[in-house]
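> Dropping in model_7.csv, with CSV, C-alpha atoms.
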chain,number,residue,atom,x,y,z
A,1,MET,CA,-16.6,3.4,6.9
A,2,ASN,CA,-12.8,3.6,7.2
A,3,LEU,CA,-10.1,3.4,4.5
A,4,ILE,CA,-6.4,2.7,4.9
A,5,ARG,CA,-3.8,2.7,2.3
A,6,CYS,CA,-0.2,1.5,2.3
A,7,TYR,CA,2.3,1.2,-0.4
A,8,LEU,CA,5.0,-1.4,-0.9
A,9,ARG,CA,8.0,0.1,-2.7
A,10,LYS,CA,11.0,-2.2,-2.9
A,11,LYS,CA,11.7,-3.1,0.7
A,12,GLN,CA,9.8,-0.1,2.2
A,13,VAL,CA,6.2,0.1,3.4
A,14,ILE,CA,4.7,3.6,3.2
A,15,VAL,CA,1.6,4.2,5.4
A,16,PRO,CA,0.1,7.7,5.0
A,17,THR,CA,-2.7,9.0,7.1
A,18,ILE,CA,-5.9,9.0,5.1
A,19,ALA,CA,-8.5,11.8,5.1
A,20,LYS,CA,-11.8,12.1,3.3
A,21,ALA,CA,-12.3,15.3,1.4
A,22,ASP,CA,-15.7,16.9,1.9
A,23,ALA,CA,-16.3,16.2,-1.9
A,24,GLY,CA,-16.3,12.5,-1.0
A,25,PHE,CA,-12.9,11.2,-2.2
A,26,TYR,CA,-10.0,10.0,-0.1
A,27,LEU,CA,-6.5,11.6,0.1
A,28,ASP,CA,-3.1,10.5,1.4
A,29,GLY,CA,-2.1,13.0,4.1
A,30,GLU,CA,0.4,13.6,6.8
A,31,PRO,CA,1.9,12.1,8.8
A,32,VAL,CA,3.4,9.7,6.3
A,33,HIS,CA,5.1,6.7,8.0
A,34,VAL,CA,7.9,4.8,6.2
A,35,PHE,CA,9.0,1.5,7.5
A,36,ASP,CA,11.6,-1.1,6.5
A,37,LEU,CA,9.7,-4.2,5.4
A,38,ALA,CA,11.5,-6.3,8.0
A,39,ASP,CA,10.0,-4.2,10.8
A,40,THR,CA,6.8,-6.1,10.8
A,41,ALA,CA,5.9,-5.2,14.4
A,42,ALA,CA,6.0,-1.4,13.7
A,43,ILE,CA,4.0,-1.9,10.4
A,44,LYS,CA,1.3,-3.9,12.3
A,45,LYS,CA,1.2,-1.4,15.1
A,46,GLU,CA,0.6,1.5,12.6
A,47,LEU,CA,-2.0,-0.4,10.6
A,48,ILE,CA,-3.9,-1.3,13.8
A,49,ALA,CA,-3.7,2.3,15.1
A,50,GLN,CA,-5.2,3.5,11.8
A,51,MET,CA,-7.9,0.9,11.8
A,52,LYS,CA,-9.0,2.1,15.3
A,53,THR,CA,-8.9,5.8,14.2
A,54,GLU,CA,-12.2,7.4,13.2
A,55,GLU,CA,-12.4,8.7,9.6
A,56,HIS,CA,-12.0,12.4,9.5
A,57,GLU,CA,-13.1,14.9,6.8
A,58,ILE,CA,-11.1,17.8,5.4
A,59,PRO,CA,-11.9,20.6,3.0
A,60,THR,CA,-11.5,19.6,-0.6
A,61,PRO,CA,-8.1,20.8,-1.7
A,62,ALA,CA,-7.6,23.1,-4.7
A,63,VAL,CA,-7.4,21.4,-8.1
A,64,SER,CA,-3.7,22.5,-8.5
A,65,LYS,CA,-2.7,20.2,-5.6
A,66,ALA,CA,-0.9,17.2,-7.1
A,67,PRO,CA,-2.3,13.8,-5.9
A,68,GLY,CA,0.1,11.9,-3.7
A,69,SER,CA,2.4,14.8,-3.1
A,70,VAL,CA,2.8,14.2,0.6
A,71,ILE,CA,4.2,10.7,-0.3
A,72,LEU,CA,6.5,12.0,-3.0
A,73,GLU,CA,7.8,14.7,-0.6
A,74,LYS,CA,8.4,12.2,2.2
A,75,LEU,CA,10.4,9.9,-0.2
A,76,HIS,CA,12.2,12.8,-1.9
A,77,LEU,CA,10.7,11.8,-5.3
A,78,THR,CA,9.5,14.1,-8.1
A,79,ASN,CA,7.5,11.9,-10.4
A,80,TRP,CA,4.3,10.1,-9.5
A,81,GLN,CA,4.4,7.8,-12.5
A,82,ASN,CA,7.8,6.5,-11.5
A,83,PHE,CA,6.6,5.9,-8.0
A,84,GLU,CA,3.6,3.9,-9.4
A,85,LYS,CA,5.9,1.7,-11.5
A,86,GLU,CA,8.0,0.8,-8.4
A,87,THR,CA,5.1,0.4,-6.0
A,88,VAL,CA,2.1,-1.8,-5.2
A,89,MET,CA,-0.8,-0.1,-3.5
A,90,TYR,CA,-2.8,-1.9,-0.7
A,91,THR,CA,-6.2,-0.5,0.1
A,92,LEU,CA,-8.3,-1.7,3.1
A,93,HIS,CA,-12.0,-0.7,3.3
A,94,THR,CA,-13.7,-1.3,6.5
A,95,GLY,CA,-17.5,-1.0,6.8
A,96,HIS,CA,-20.5,-2.5,8.6
A,97,ASP,CA,-20.2,-5.8,6.7
A,98,GLY,CA,-16.5,-6.4,7.5
A,99,SER,CA,-13.3,-5.4,5.8
A,100,ALA,CA,-11.9,-6.0,2.3
A,101,LEU,CA,-8.2,-5.7,1.2
A,102,TYR,CA,-7.5,-4.8,-2.4
A,103,VAL,CA,-4.1,-4.8,-4.1
A,104,THR,CA,-3.5,-2.9,-7.3
A,105,GLY,CA,-3.0,-4.6,-10.6
A,106,ARG,CA,-0.8,-3.4,-13.5
A,107,ALA,CA,-1.6,-2.0,-16.9
A,108,ALA,CA,0.6,-2.7,-19.9
A,109,ASN,CA,2.4,0.5,-19.3
A,110,GLY,CA,3.4,-0.6,-15.8
A,111,LEU,CA,1.1,1.9,-14.0
A,112,TRP,CA,-1.7,0.8,-11.7
A,113,SER,CA,-4.8,-0.5,-13.3
A,114,HIS,CA,-8.4,-0.5,-12.1
A,115,ASN,CA,-8.2,-4.3,-12.1
A,116,LYS,CA,-7.4,-5.8,-8.7
A,117,ASP,CA,-4.4,-8.1,-8.5
A,118,PHE,CA,-5.6,-9.5,-5.2
A,119,GLU,CA,-8.8,-9.1,-3.2
A,120,HIS,CA,-9.5,-10.6,0.2
A,121,LYS,CA,-12.7,-10.2,2.3
A,122,PHE,CA,-12.4,-10.4,6.0
A,123,PRO,CA,-15.3,-11.5,8.1
A,124,LYS,CA,-17.0,-9.0,10.3
A,125,THR,CA,-15.6,-10.7,13.3
A,126,ALA,CA,-11.9,-10.2,12.2
A,127,THR,CA,-9.9,-8.2,14.7
A,128,PRO,CA,-7.6,-5.4,13.7
A,129,ASP,CA,-4.7,-7.6,14.8
A,130,GLU,CA,-5.8,-10.4,12.5
A,131,ILE,CA,-6.3,-8.0,9.5
A,132,ALA,CA,-2.9,-6.3,10.1
A,133,THR,CA,-1.2,-9.7,10.4
A,134,ALA,CA,-2.7,-10.8,7.0
A,135,ILE,CA,-1.6,-7.5,5.4
A,136,VAL,CA,2.0,-7.8,6.7
A,137,GLU,CA,2.1,-11.4,5.4
A,138,ARG,CA,0.9,-10.3,2.0
A,139,LEU,CA,3.4,-7.5,1.9
A,140,GLY,CA,6.2,-10.0,2.6
A,141,TRP,CA,5.0,-12.4,-0.1
A,142,GLN,CA,4.6,-9.5,-2.6
A,143,SER,CA,8.1,-8.2,-1.9
A,144,GLN,CA,9.5,-11.6,-2.8
A,145,THR,CA,7.6,-11.8,-6.1
A,146,GLU,CA,8.4,-8.2,-7.1
A,147,TRP,CA,11.9,-7.6,-5.8
A,148,PRO,CA,13.8,-10.7,-4.8
A,149,GLU,CA,16.6,-10.3,-2.3
A,150,LYS,CA,19.1,-11.9,-4.7
A,151,PRO,CA,19.1,-12.2,-8.5
A,152,ALA,CA,18.2,-15.6,-9.9
A,153,VAL,CA,21.2,-17.8,-10.5
A,154,MET,CA,22.0,-18.1,-14.2
A,155,LEU,CA,23.6,-21.4,-15.1
A,156,ALA,CA,26.0,-21.6,-18.1
A,157,PRO,CA,24.9,-23.9,-20.9
A,158,PRO,CA,26.9,-27.2,-20.9
A,159,SER,CA,30.1,-27.0,-22.9
A,160,ASN,CA,30.6,-29.2,-25.9
A,161,ASN,CA,34.4,-29.8,-25.3
Would it be possible to restate this file's structure as structure tokens?

Amino acid sequence: MNLIRCYLRKKQVIVPTIAKADAGFYLDGEPVHVFDLADTAAIKKELIAQMKTEEHEIPTPAVSKAPGSVILEKLHLTNWQNFEKETVMYTLHTGHDGSALYVTGRAANGLWSHNKDFEHKFPKTATPDEIATAIVERLGWQSQTEWPEKPAVMLAPPSNN
């Protein structure tokens, strides 16, 4: 089993290193890589590298350690809720039966929900390059739906002169 997470925040893609705590849950860890969304080659390279890396286990951190703090530190942010409201989380699970990509949905308060906005199952035969390509394509599509490059043009109503 392997788990990879990446986050789309505006026009940035954040890819932390994931570790499994000996208590069984996964944590974002260092190094945390931050890419411009337009640098698709670098994003793909990092995703492929992480898919090829064996899962490693770490001691379960103390309860006082705030979740996601390595990401907030890297981005110079102080509030996880604000980060969530500006971000979409992508999670890739890889196991014996293939890989599955999940994209977070949103609750009414703008925070992530347990409902998946998007789910895609890859066949067991899918290569890391094929999976990374699909993720990068989805990131590009998602960025256009969440944060368009230019605001929509507003047309003035016809004048009655």
> Counting all atoms listed in the file, which residue out of A:Tyr102, A:Phe25, A:Phe35, A:Phe118 sits closest to Leu75 in chain A?
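Closest to Leu75 in chain A of all the choices is A:Phe35.
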> Smallest atom-to-atom distance to Gln12 in chain A: which of A:Tyr26, A:Leu139, A:Met51, A:Glu119, using only C-alpha atoms?
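For Gln12 in chain A, the nearest of the given residues is A:Leu139.
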> Distance CA of Gly105 in chain A-CA of Ala21 in chain A, one decimal place?
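CA of Gly105 in chain A sits 25.0 Å away from CA of Ala21 in chain A.
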> Is it possible to get the residues within 12 Å of (-6.0, -8.6, 9.2) (coordinates as in the file, counting all atoms listed in the file) written as a ChimeraX atom specification?
/A:44-45,47-48,51,92-94,98-101,120-139
> Closest to Thr87 in chain A among A:Ile18, A:Gln142, A:Thr40, A:His33, using all atoms listed in the file?
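Result for the nearest residue to Thr87 in chain A: A:Gln142.
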> Report the distance between CA of Ala38 in chain A and CA of Ile14 in chain A in Å, rounded to one decimal place.
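Straight-line distance from CA of Ala38 in chain A to CA of Ile14 in chain A works out to 12.9 Å.
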